[in-house]
Amino acid sequence: MSTLATTRQTLRANTLTERFLAALPLATVYVWLCGLYAVETWQRVTPWLFTDELEFTQLARSIAATGHAAERGQRHSPDSLYNYLTAAIWQIHSVSTAYAGIKYLDVLLMACVVFPTYFLARTLVGRTAALFAAAGAGAIPAMAYTSYIVEETVAYPYAALCFFLIAKAFLVRTGSRWWKAGAIIASLIAPLVRTQLLMVPLTLVFALLFMWWSSDRARAWRSTWSRGDWIGAIALVLGAVFLVSAVLSHQSTEFHIVSRVYKHRILIEGDWAAGCLAIGIGVLPFMGGLAALFRAQGEERSHELRVFRSVALAAILTFGFYTGFKAAYLSAVFATRVEERNLIYIAPLLFVGTALVFSRRRISLVGLALAGAYTLYLVGYALYHVTQYPYQMGVQLYSDALGFAILQQGNRFLSWTPGFVRWLLVAIALGGILVLLAPRILRRRQKLVGIVFAVAAAAVVGWNVTGELAAATGTKSVAAQAATTLHHPFGWVDTATHLRPTLYMGEAEVDQNPEWLLEFWNRSIARVSSPDGSVLGPGPSGSPNTKPNGVIYWQNDPNAPTPQYAYAVEDLPCIDFVGDPVAKHPYRAGGRIQTWQLVRLSSPNRLQSECSGIYADGWTGAADSTYFRFSGAPGWLRVVYSRNDWGYKSGPTPVRIVLHEVVTRDQEPALGPAIRRIESSVNSTQTKVAWIRVPAGTFAVHVAVARKVIPNNWNHEGDRRRLGVELTYRYFRTKPSR
């Protein structure tokens, strides 16, 4: 072999070795993070973030089975490419195995955020600083979503990838058309990954505008503007904003509601989300990332810096507006929430900005002053006065804002109070400002500045890992509680039915978590319903129509063909189908152990009896209670009513029990003429029994309680239900002798 060939082989080997060694630190970060999150995922025994996880499960299972997305058999848009990704895993027969596979896939995917973050940072800083940015972005508390079945596991790293591609499209001169094509294609695909990533194409557009605005040509053009030109330009921008707002208000009900009535909430609730993100990532990166958007004194103009600032500013504005807008809309139609979950996508950019400050040891004093003041306002005031609880420390885990997790676990295990946390966060923010000012404070001791930044970087990453562990611990704890709600074996319905179509029928379900868990762990549950409409989505859950003989049907025409189910899960004691009992399963609801019964249904599917108005803990509510029976021989109905568990002396209350004929109104059974009345009363120490002679066929019994009680008025523990009596019904063919 010639000397030249030998030299080429040696150089090639050296190059491969150098590339491997260069990639090893980043790969090590990825592997360690995956290992940590895999252990956390293994410890989360069941989903509990309903309805999100159940909705994505339904869509993915439907895609796996039929190739089309559906919720409870009803066609639905697939919502996200994530559901197609997980559909392949739902081909696995075992629910527990498929669930584990999806969680581990989520770990591998979400941890990939370290790669685009590192490569974006490398356009500005060296390897060490870029590794800090990558590790920080891969360790934020929101990484606890790796054990959830949610879109964030794909959307978070994909957004970081898009930011990197957009930046490269502006940076690369030679062969830039490929980077530009990649940025455009990735941005157009982004909304298919998650709807919120519609902000990615907008980020691309705004970044392009900011690049043009900061260009030499635009700067030269603006230098010729007079004061009137500036006023005119501002007027044009405001006019464009008002025009876009008017068009969107006309086209979108959501935008109209928020922009016309609740626009102030965009800022307020957007600040809550920003404050939670700041806490979760350690406060300092939030300030450093925002301050990096400002040009430092004496800083040389750089194309790389201009690109990063254009992309970062565009992303922060678009995702910040979306987060505030969504939170404001939810507060109007659902509940007031802290929506940090929608703002986590800017975290990689904040870490890259902080890495830039650490690496170049230069920061804008104006930018730091603004970022520091804003951060102090967020952590010291806005989140202390947030609705419900300061810093949401009154809950075990806030699923939409995992940045609070470290404070919640501090309250749980270290007895942290909101007042202590307030001053702790203010101190951290002030300390972070001093750290960022270190190059100026220690101007002649640059080695010491490096040590300060290294310690600060380690502390920030440590804070993020601790916050993520806190969020994962909370998730694990909630999942363990959910597991005790459902009881093992989780897949008892699938085992008994061999995946044949099964109907779930519930009644008076104030807490739907048991049903959601049952539906997740049992694929055979094909339809979910309730006569009183208390069982809700995701997916259709309407009540069935009922014929006078108890036959149920699911369309308006009682004579048209209707879906039939092989089995039904009855929510005892109020739901009773005609059929053969197959199995029973305990679950926890209303503070008690309740029972589901699996029945092999007759054809056509037919109810034998149903009752309404009884909560899971056995108490009747504000609307009282009604019992319907659709078939059977003459017999006796035993009605047991009590206030013996009330515990407070509230005096006797009148109780009226009325036997009715049954009529049909709006394709539903209803109370007809009265046949017999029983006037009674019960006090807080009594349990009474009424025996009612009932006719053959259909009849109804209505139990009304005159003076109801509200527990919160007596014990101040928050139960604001209006309660009547503890009530049970039972039908007998013959009256028992005892």
# chains A, B, ... in the order shown; residues from 1 in each chain; ligands from 1
call {"tool": "residues_around", "arguments": {"residues": "Tyr148 of chain A", "least_positions_apart": "5", "cutoff": "12 Å", "atoms": "only C-alpha atoms", "output": "MDAnalysis selection string"}}
result
chainID A and resid 37:38 40:54 56:57 99:107 110 142:143 153:154 399 471:472 475:476 479
call {"tool": "write_last_selection", "arguments": {"atoms": "N, CA, C and O atoms", "output": "compact mmCIF listing (two decimals), in the first residue's frame"}}
result
# COMPACT_ATOMS: atom_id res chain seq x y z
N TYR A 37 -35.73 9.19 32.97
CA TYR A 37 -37.15 9.27 32.63
C TYR A 37 -37.77 7.89 32.43
O TYR A 37 -38.97 7.69 32.69
N ALA A 38 -36.98 6.93 32.01
CA ALA A 38 -37.49 5.56 31.86
C ALA A 38 -37.87 4.98 33.22
O ALA A 38 -38.90 4.30 33.36
N GLU A 40 -38.78 6.73 35.87
CA GLU A 40 -39.99 7.43 36.29
C GLU A 40 -41.22 6.89 35.55
O GLU A 40 -42.30 6.73 36.14
N THR A 41 -41.05 6.61 34.27
CA THR A 41 -42.14 6.07 33.47
C THR A 41 -42.57 4.71 33.98
O THR A 41 -43.77 4.41 34.06
N TRP A 42 -41.62 3.88 34.33
CA TRP A 42 -41.93 2.55 34.86
C TRP A 42 -42.74 2.65 36.16
O TRP A 42 -43.62 1.83 36.43
N GLN A 43 -42.49 3.68 36.95
CA GLN A 43 -43.16 3.83 38.24
C GLN A 43 -44.57 4.39 38.11
O GLN A 43 -45.36 4.29 39.05
N ARG A 44 -44.91 4.99 36.97
CA ARG A 44 -46.27 5.52 36.78
C ARG A 44 -47.16 4.39 36.28
O ARG A 44 -47.13 4.02 35.12
N VAL A 45 -48.01 3.87 37.16
CA VAL A 45 -48.67 2.60 36.88
C VAL A 45 -49.92 2.74 36.03
O VAL A 45 -50.38 1.75 35.44
N THR A 46 -50.48 3.93 35.94
CA THR A 46 -51.71 4.09 35.16
C THR A 46 -51.86 5.53 34.73
O THR A 46 -51.37 6.45 35.40
N PRO A 47 -52.53 5.80 33.61
CA PRO A 47 -52.85 7.18 33.25
C PRO A 47 -53.82 7.78 34.26
O PRO A 47 -54.57 7.06 34.92
N TRP A 48 -53.82 9.09 34.38
CA TRP A 48 -54.81 9.75 35.24
C TRP A 48 -55.16 11.14 34.72
O TRP A 48 -56.12 11.75 35.20
N LEU A 49 -54.40 11.67 33.74
CA LEU A 49 -54.68 13.01 33.21
C LEU A 49 -55.81 12.90 32.18
O LEU A 49 -55.58 12.98 30.97
N PHE A 50 -57.00 12.67 32.68
CA PHE A 50 -58.15 12.58 31.80
C PHE A 50 -58.74 13.99 31.69
O PHE A 50 -58.69 14.76 32.63
N THR A 51 -59.23 14.34 30.51
CA THR A 51 -59.54 13.46 29.41
C THR A 51 -58.43 13.36 28.33
O THR A 51 -58.60 12.62 27.35
N ASP A 52 -57.34 14.05 28.48
CA ASP A 52 -56.31 14.09 27.45
C ASP A 52 -55.81 12.70 27.08
O ASP A 52 -55.82 12.31 25.90
N GLU A 53 -55.36 11.96 28.07
CA GLU A 53 -54.74 10.66 27.78
C GLU A 53 -55.75 9.66 27.21
O GLU A 53 -55.40 8.85 26.35
N LEU A 54 -56.99 9.73 27.68
CA LEU A 54 -58.01 8.82 27.15
C LEU A 54 -58.39 9.20 25.73
O LEU A 54 -58.59 8.33 24.87
N PHE A 56 -56.49 10.70 23.39
CA PHE A 56 -55.44 10.28 22.47
C PHE A 56 -55.40 8.75 22.34
O PHE A 56 -55.10 8.22 21.27
N THR A 57 -55.72 8.07 23.43
CA THR A 57 -55.78 6.61 23.37
C THR A 57 -56.89 6.14 22.45
O THR A 57 -56.71 5.23 21.64
N TYR A 99 -49.25 0.14 26.69
CA TYR A 99 -49.11 1.36 27.48
C TYR A 99 -47.65 1.59 27.85
O TYR A 99 -47.13 2.71 27.72
N ALA A 100 -46.97 0.55 28.29
CA ALA A 100 -45.55 0.69 28.62
C ALA A 100 -44.74 1.07 27.39
O ALA A 100 -43.84 1.93 27.46
N GLY A 101 -45.04 0.46 26.25
CA GLY A 101 -44.32 0.77 25.02
C GLY A 101 -44.47 2.23 24.62
O GLY A 101 -43.50 2.88 24.19
N ILE A 102 -45.68 2.78 24.76
CA ILE A 102 -45.91 4.18 24.41
C ILE A 102 -45.13 5.09 25.35
O ILE A 102 -44.52 6.08 24.91
N LYS A 103 -45.13 4.78 26.63
CA LYS A 103 -44.39 5.62 27.58
C LYS A 103 -42.90 5.63 27.28
O LYS A 103 -42.25 6.69 27.32
N TYR A 104 -42.33 4.46 26.99
CA TYR A 104 -40.89 4.43 26.70
C TYR A 104 -40.57 5.11 25.38
O TYR A 104 -39.51 5.74 25.23
N LEU A 105 -41.47 5.02 24.41
CA LEU A 105 -41.28 5.76 23.17
C LEU A 105 -41.31 7.26 23.43
O LEU A 105 -40.50 8.02 22.88
N ASP A 106 -42.23 7.69 24.31
CA ASP A 106 -42.30 9.10 24.68
C ASP A 106 -40.99 9.58 25.29
O ASP A 106 -40.54 10.71 25.03
N VAL A 107 -40.38 8.74 26.11
CA VAL A 107 -39.10 9.10 26.73
C VAL A 107 -38.05 9.35 25.65
O VAL A 107 -37.35 10.38 25.66
N MET A 110 -39.08 12.68 23.53
CA MET A 110 -39.04 13.99 24.18
C MET A 110 -37.62 14.38 24.58
O MET A 110 -37.25 15.55 24.52
N ALA A 142 -41.24 20.07 32.87
CA ALA A 142 -42.21 19.55 31.90
C ALA A 142 -41.76 18.25 31.26
O ALA A 142 -42.57 17.57 30.62
N MET A 143 -40.50 17.86 31.42
CA MET A 143 -40.05 16.58 30.90
C MET A 143 -40.74 15.41 31.61
O MET A 143 -40.68 14.28 31.14
N THR A 153 -44.88 15.29 24.23
CA THR A 153 -43.70 14.43 24.13
C THR A 153 -43.07 14.49 22.74
O THR A 153 -41.87 14.26 22.59
N VAL A 154 -43.87 14.79 21.74
CA VAL A 154 -43.35 14.95 20.38
C VAL A 154 -43.24 16.43 20.01
O VAL A 154 -42.28 16.86 19.36
N SER A 399 -51.33 19.79 36.80
CA SER A 399 -50.96 19.08 35.58
C SER A 399 -50.64 20.00 34.41
O SER A 399 -49.87 19.63 33.53
N ALA A 471 -42.01 16.80 39.89
CA ALA A 471 -43.19 16.59 39.05
C ALA A 471 -43.44 15.10 38.83
O ALA A 471 -44.59 14.64 38.87
N ALA A 472 -42.37 14.34 38.61
CA ALA A 472 -42.53 12.90 38.42
C ALA A 472 -43.01 12.22 39.69
O ALA A 472 -43.81 11.28 39.65
N THR A 475 -46.66 12.90 39.94
CA THR A 475 -47.36 12.07 38.95
C THR A 475 -47.48 10.63 39.44
O THR A 475 -48.53 9.99 39.33
N LYS A 476 -46.38 10.10 39.97
CA LYS A 476 -46.37 8.73 40.49
C LYS A 476 -47.38 8.57 41.62
O LYS A 476 -48.12 7.58 41.69
N ALA A 479 -50.95 8.61 40.29
CA ALA A 479 -51.21 7.35 39.59
C ALA A 479 -51.45 6.21 40.58
O ALA A 479 -52.30 5.35 40.37
call {"tool": "select_by_dssp", "arguments": {"residues": "segment 238-457 of chain A", "states": "helix (DSSP H, G or I)", "output": "VMD selection string"}}
result
chain A and resid 238 to 251 253 to 261 263 to 280 284 to 291 303 to 333 340 to 342 344 to 360 365 to 382 390 to 392 402 to 414 418 to 436 438 to 441 446 to 457
call {"tool": "closest_residue", "arguments": {"among": "A:Thr497, A:Gln594, A:Ser331, A:Ser310", "to": "Leu349 of chain A", "atoms": "only C-alpha atoms"}}
result
A:Ser310
call {"tool": "closest_residue", "arguments": {"among": "A:Ala246, A:Val535, A:Ala144, A:Leu204", "to": "Ala470 of chain A", "atoms": "only C-alpha atoms"}}
result
A:Ala144
call {"tool": "select_by_dssp", "arguments": {"residues": "segment 512-709 of chain A", "states": "strand (DSSP E)", "output": "ChimeraX atom specification"}}
result
/A:525-529,545-546,552-553,567-571,575-577,579-589,592-601,607-612,625-629,635-642,653-665,668-682,687-694,699-705
call {"tool": "write_last_selection", "arguments": {"atoms": "C-alpha atoms", "output": "compact mmCIF listing (two decimals), in the first residue's frame"}}
result
# COMPACT_ATOMS: atom_id res chain seq x y z
CA ILE A 525 -65.82 -0.84 26.20
CA ALA A 526 -67.37 0.30 22.93
CA ARG A 527 -69.99 2.73 24.19
CA VAL A 528 -70.39 4.85 27.32
CA SER A 529 -73.71 6.27 28.45
CA ASN A 545 -83.90 6.24 24.36
CA THR A 546 -86.09 3.74 26.19
CA ILE A 552 -83.02 0.77 24.70
CA TYR A 553 -82.24 2.24 21.29
CA TYR A 567 -72.16 -7.26 27.40
CA ALA A 568 -72.79 -4.32 29.70
CA VAL A 569 -71.05 -2.98 32.78
CA GLU A 570 -73.76 -1.92 35.25
CA ASP A 571 -73.11 0.89 37.71
CA ILE A 575 -78.53 0.27 36.63
CA ASP A 576 -80.02 -3.20 36.13
CA PHE A 577 -80.06 -4.84 32.66
CA GLY A 579 -79.20 -10.57 31.28
CA ASP A 580 -76.92 -13.03 33.02
CA PRO A 581 -74.36 -11.74 35.55
CA VAL A 582 -70.82 -12.71 34.54
CA ALA A 583 -68.47 -10.92 36.94
CA LYS A 584 -68.28 -8.21 39.59
CA HIS A 585 -65.46 -5.78 40.28
CA PRO A 586 -64.90 -3.33 43.17
CA TYR A 587 -63.86 0.28 42.75
CA ARG A 588 -63.65 3.33 44.97
CA ALA A 589 -66.06 6.26 44.56
CA ARG A 592 -66.75 4.05 49.60
CA ILE A 593 -66.07 0.77 47.86
CA GLN A 594 -68.63 0.44 45.07
CA THR A 595 -69.31 -2.44 42.68
CA TRP A 596 -69.57 -2.80 38.93
CA GLN A 597 -71.37 -5.83 37.53
CA LEU A 598 -70.67 -7.27 34.09
CA VAL A 599 -73.79 -8.75 32.46
CA ARG A 600 -74.21 -10.84 29.31
CA LEU A 601 -77.07 -8.93 27.68
CA LEU A 607 -83.20 -2.39 31.04
CA GLN A 608 -84.97 -4.12 33.86
CA SER A 609 -84.79 -1.14 36.22
CA GLU A 610 -82.98 2.13 36.76
CA CYS A 611 -82.88 4.82 39.39
CA SER A 612 -81.66 8.40 39.44
CA SER A 625 -84.70 10.36 43.45
CA THR A 626 -86.81 8.26 41.11
CA TYR A 627 -86.89 4.49 40.56
CA PHE A 628 -88.26 2.95 37.33
CA ARG A 629 -88.99 -0.75 36.79
CA GLY A 635 -94.09 -7.89 44.09
CA TRP A 636 -92.65 -5.61 46.73
CA LEU A 637 -90.22 -2.68 46.58
CA ARG A 638 -88.19 -2.09 49.71
CA VAL A 639 -87.19 1.55 50.20
CA VAL A 640 -84.61 2.20 52.93
CA TYR A 641 -84.02 5.85 53.83
CA SER A 642 -81.75 7.19 56.53
CA THR A 653 -87.43 16.22 57.84
CA PRO A 654 -90.58 15.14 55.95
CA VAL A 655 -90.10 12.35 53.39
CA ARG A 656 -92.73 11.61 50.75
CA ILE A 657 -92.69 8.30 48.85
CA VAL A 658 -95.07 8.10 45.87
CA LEU A 659 -95.85 5.12 43.64
CA HIS A 660 -96.55 6.23 40.03
CA GLU A 661 -97.61 4.83 36.73
CA VAL A 662 -95.00 5.27 33.95
CA VAL A 663 -95.56 7.31 30.81
CA THR A 664 -93.20 8.12 27.91
CA ARG A 665 -92.14 11.69 27.21
CA GLU A 668 -87.81 8.60 27.88
CA PRO A 669 -89.72 7.09 30.83
CA ALA A 670 -91.44 9.71 32.99
CA LEU A 671 -93.69 9.86 36.06
CA GLY A 672 -97.37 9.33 35.33
CA PRO A 673 -100.43 9.49 37.62
CA ALA A 674 -99.87 8.76 41.31
CA ILE A 675 -101.14 5.42 42.65
CA ARG A 676 -100.18 5.58 46.31
CA ARG A 677 -98.47 7.99 48.72
CA ILE A 678 -96.56 7.38 51.93
CA GLU A 679 -95.93 10.38 54.19
CA SER A 680 -93.06 9.91 56.63
CA SER A 681 -90.18 11.70 58.29
CA VAL A 682 -86.65 10.90 59.39
CA THR A 687 -83.05 4.56 59.52
CA LYS A 688 -86.51 3.67 58.23
CA VAL A 689 -87.87 1.07 55.82
CA ALA A 690 -90.95 1.38 53.61
CA TRP A 691 -92.46 -1.67 51.88
CA ILE A 692 -94.53 -0.84 48.80
CA ARG A 693 -96.76 -3.33 47.04
CA VAL A 694 -96.01 -2.84 43.32
CA PHE A 699 -94.07 1.36 37.62
CA ALA A 700 -92.10 4.19 39.20
CA VAL A 701 -91.41 5.37 42.73
CA HIS A 702 -90.42 8.95 43.57
CA VAL A 703 -88.81 9.85 46.90
CA ALA A 704 -88.83 13.54 47.87
CA VAL A 705 -87.12 15.04 50.93
call {"tool": "residues_around", "arguments": {"residues": "segment 179-184 of chain A", "least_positions_apart": "5", "cutoff": "6 Å", "atoms": "only C-alpha atoms", "output": "MDAnalysis selection string"}}
result
chainID A and resid 165:166 169
